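I have placed the structure first, in the form of structure tokens, so that the comments after it can refer back to it.
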Amino acid sequence: MSKLSQSVSKIAALMLFGLVMISAMANAKPWSELPQSSQQVLAPMADKWDSFSPEMQQKLIKGAERWSAMSAADKNKVQQRFNKWQQLTPEERVKVNQRYQEFKKLTPEQQKKSREAYDKFKKMTPERQTKLKKKFNQMTPAQRKAMKQRFKRTKN
């Protein structure tokens with residue numbers, strides 16, 4: 001490869017990099033341009049706003065828009081879930097994330113059945129829930145695995 005073609009390749013690569021950077025900066029949204037409602041929701045992040053990637057900023061903006069559109073009851077539910085999440089240990093958070101990732105891998109029909117089973121469990125009396133939890137916790141790993149396999153077969 002000649003020196004000229006190497007120089008042209010380097011210039012092209014630098015131009016491409018520059019275009020990518022300009023594009024990323026163009027997607028960034030200055031704090032001052034956010035709607036007042038978004039600024040109120042995202043106020044705890046105002047000082048760090050410029051350090052977030054444009055993608056993160058967009059995610060946060062969408063979240064703020066969803067929050068602003070929620071009813072008071074829905075906001076209360078979300079706040080309770082958030083408070084519960086913050087009380088979890090790092091190990092518990094990892095477990096929750098793993099379960100969520102497993103749930104996302106299910107087909108829509110399996111997800112629906114899983115939600116229905118969860119709703120059914122939540123409608124049980126606290127005594128019945130405790131009894132089922134105790135029974136599950138007393139199972140051996142092999143028994144739990146067999147039960148999960150039976151559960152998966154009934155979902156399919």
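Starting from 1 in every chain, residues are counted up; chains themselves are A, B, ... following the order of the structure tokens, and ligands are numbered from 1 as listed.
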Requested in this report: Please identify which residues in segment 16-130 of chain A DSSP calls alpha helix (DSSP H) from the backbone, and express them as a PyMOL selection string.
Outcome: chain A and resi 16-27+36-41+54-69+72-87+90-105+108-123+126-130
Output file for the residues above (C-alpha atoms, as a PDB file, in the first residue's frame):
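Below is the file that was written, again.pdb:
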ATOM      1  CA  LEU A  16     -15.702   8.796   9.856  1.00  0.00           C
ATOM      2  CA  PHE A  17     -14.791   9.032  13.523  1.00  0.00           C
ATOM      3  CA  GLY A  18     -15.563  12.758  13.449  1.00  0.00           C
ATOM      4  CA  LEU A  19     -18.960  12.140  11.862  1.00  0.00           C
ATOM      5  CA  VAL A  20     -19.803   9.538  14.500  1.00  0.00           C
ATOM      6  CA  MET A  21     -18.815  11.948  17.274  1.00  0.00           C
ATOM      7  CA  ILE A  22     -20.813  14.810  15.726  1.00  0.00           C
ATOM      8  CA  SER A  23     -23.804  12.506  15.377  1.00  0.00           C
ATOM      9  CA  ALA A  24     -23.531  11.457  19.028  1.00  0.00           C
ATOM     10  CA  MET A  25     -23.223  15.058  20.172  1.00  0.00           C
ATOM     11  CA  ALA A  26     -26.200  16.036  18.016  1.00  0.00           C
ATOM     12  CA  ASN A  27     -28.333  13.477  19.867  1.00  0.00           C
ATOM     13  CA  GLN A  36     -39.935  21.599  32.747  1.00  0.00           C
ATOM     14  CA  SER A  37     -41.784  18.387  33.680  1.00  0.00           C
ATOM     15  CA  SER A  38     -38.751  16.268  32.715  1.00  0.00           C
ATOM     16  CA  GLN A  39     -36.409  18.579  34.607  1.00  0.00           C
ATOM     17  CA  GLN A  40     -38.526  18.177  37.748  1.00  0.00           C
ATOM     18  CA  VAL A  41     -38.479  14.370  37.521  1.00  0.00           C
ATOM     19  CA  PRO A  54     -26.882  10.597  24.489  1.00  0.00           C
ATOM     20  CA  GLU A  55     -28.400   7.101  24.669  1.00  0.00           C
ATOM     21  CA  MET A  56     -28.635   7.269  28.464  1.00  0.00           C
ATOM     22  CA  GLN A  57     -30.111  10.751  28.264  1.00  0.00           C
ATOM     23  CA  GLN A  58     -32.789   9.491  25.861  1.00  0.00           C
ATOM     24  CA  LYS A  59     -33.634   6.585  28.178  1.00  0.00           C
ATOM     25  CA  LEU A  60     -33.937   8.941  31.129  1.00  0.00           C
ATOM     26  CA  ILE A  61     -36.091  11.379  29.139  1.00  0.00           C
ATOM     27  CA  LYS A  62     -38.434   8.562  28.084  1.00  0.00           C
ATOM     28  CA  GLY A  63     -38.639   7.385  31.694  1.00  0.00           C
ATOM     29  CA  ALA A  64     -39.447  10.913  32.874  1.00  0.00           C
ATOM     30  CA  GLU A  65     -42.171  11.182  30.230  1.00  0.00           C
ATOM     31  CA  ARG A  66     -43.680   7.864  31.344  1.00  0.00           C
ATOM     32  CA  TRP A  67     -43.538   9.005  34.975  1.00  0.00           C
ATOM     33  CA  SER A  68     -45.278  12.285  34.160  1.00  0.00           C
ATOM     34  CA  ALA A  69     -48.050  10.425  32.320  1.00  0.00           C
ATOM     35  CA  ALA A  72     -51.021   8.900  41.225  1.00  0.00           C
ATOM     36  CA  ALA A  73     -51.811   5.240  42.030  1.00  0.00           C
ATOM     37  CA  ASP A  74     -49.307   3.974  39.452  1.00  0.00           C
ATOM     38  CA  LYS A  75     -46.652   6.386  40.712  1.00  0.00           C
ATOM     39  CA  ASN A  76     -47.245   5.073  44.224  1.00  0.00           C
ATOM     40  CA  LYS A  77     -46.789   1.455  43.048  1.00  0.00           C
ATOM     41  CA  VAL A  78     -43.569   2.331  41.237  1.00  0.00           C
ATOM     42  CA  GLN A  79     -42.268   4.198  44.278  1.00  0.00           C
ATOM     43  CA  GLN A  80     -43.002   1.196  46.498  1.00  0.00           C
ATOM     44  CA  ARG A  81     -41.184  -1.119  44.094  1.00  0.00           C
ATOM     45  CA  PHE A  82     -38.227   1.248  43.954  1.00  0.00           C
ATOM     46  CA  ASN A  83     -38.051   1.441  47.748  1.00  0.00           C
ATOM     47  CA  LYS A  84     -38.209  -2.353  47.930  1.00  0.00           C
ATOM     48  CA  TRP A  85     -35.409  -2.591  45.325  1.00  0.00           C
ATOM     49  CA  GLN A  86     -33.207  -0.230  47.305  1.00  0.00           C
ATOM     50  CA  GLN A  87     -33.606  -2.388  50.418  1.00  0.00           C
ATOM     51  CA  PRO A  90     -26.474  -6.660  46.065  1.00  0.00           C
ATOM     52  CA  GLU A  91     -26.802 -10.467  46.013  1.00  0.00           C
ATOM     53  CA  GLU A  92     -30.590 -10.245  46.061  1.00  0.00           C
ATOM     54  CA  ARG A  93     -30.506  -7.721  43.220  1.00  0.00           C
ATOM     55  CA  VAL A  94     -28.388 -10.099  41.154  1.00  0.00           C
ATOM     56  CA  LYS A  95     -30.923 -12.882  41.757  1.00  0.00           C
ATOM     57  CA  VAL A  96     -33.823 -10.631  40.775  1.00  0.00           C
ATOM     58  CA  ASN A  97     -32.013  -9.593  37.596  1.00  0.00           C
ATOM     59  CA  GLN A  98     -31.261 -13.223  36.751  1.00  0.00           C
ATOM     60  CA  ARG A  99     -34.918 -14.168  37.215  1.00  0.00           C
ATOM     61  CA  TYR A 100     -35.975 -11.243  35.063  1.00  0.00           C
ATOM     62  CA  GLN A 101     -33.562 -12.293  32.298  1.00  0.00           C
ATOM     63  CA  GLU A 102     -34.975 -15.838  32.476  1.00  0.00           C
ATOM     64  CA  PHE A 103     -38.504 -14.420  32.284  1.00  0.00           C
ATOM     65  CA  LYS A 104     -37.618 -12.365  29.202  1.00  0.00           C
ATOM     66  CA  LYS A 105     -36.462 -15.550  27.448  1.00  0.00           C
ATOM     67  CA  PRO A 108     -45.222 -14.431  25.296  1.00  0.00           C
ATOM     68  CA  GLU A 109     -47.584 -17.302  26.117  1.00  0.00           C
ATOM     69  CA  GLN A 110     -45.234 -18.627  28.813  1.00  0.00           C
ATOM     70  CA  GLN A 111     -44.885 -15.116  30.239  1.00  0.00           C
ATOM     71  CA  LYS A 112     -48.661 -14.801  30.353  1.00  0.00           C
ATOM     72  CA  LYS A 113     -49.004 -18.122  32.196  1.00  0.00           C
ATOM     73  CA  SER A 114     -46.239 -17.140  34.596  1.00  0.00           C
ATOM     74  CA  ARG A 115     -47.994 -13.851  35.384  1.00  0.00           C
ATOM     75  CA  GLU A 116     -51.266 -15.705  35.899  1.00  0.00           C
ATOM     76  CA  ALA A 117     -49.607 -18.144  38.303  1.00  0.00           C
ATOM     77  CA  TYR A 118     -48.045 -15.236  40.183  1.00  0.00           C
ATOM     78  CA  ASP A 119     -51.392 -13.433  40.371  1.00  0.00           C
ATOM     79  CA  LYS A 120     -53.007 -16.648  41.634  1.00  0.00           C
ATOM     80  CA  PHE A 121     -50.304 -16.956  44.306  1.00  0.00           C
ATOM     81  CA  LYS A 122     -50.761 -13.321  45.371  1.00  0.00           C
ATOM     82  CA  LYS A 123     -54.521 -13.850  45.773  1.00  0.00           C
ATOM     83  CA  PRO A 126     -50.921 -15.199  53.630  1.00  0.00           C
ATOM     84  CA  GLU A 127     -51.148 -18.512  55.471  1.00  0.00           C
ATOM     85  CA  ARG A 128     -51.448 -20.480  52.216  1.00  0.00           C
ATOM     86  CA  GLN A 129     -48.564 -18.510  50.669  1.00  0.00           C
ATOM     87  CA  THR A 130     -46.390 -19.244  53.694  1.00  0.00           C
TER      88      THR A 130
END
Query raised in the report: So how many Å separate atom CA of Trp31 of chain A and atom CA of Trp49 of chain A, to one decimal?
Result: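 Atom CA of Trp49 of chain A lies at a distance of 6.7 Å from atom CA of Trp31 of chain A.
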Report task. Using only C-alpha atoms, pick whichever of A:Leu34, A:Ala28, A:Leu88, A:Leu106 has the shortest atom-to-atom distance to Ala46 of chain A. Result ->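 Going through A:Leu34, A:Ala28, A:Leu88, A:Leu106 one by one, the smallest distance to Ala46 of chain A is for A:Leu34.
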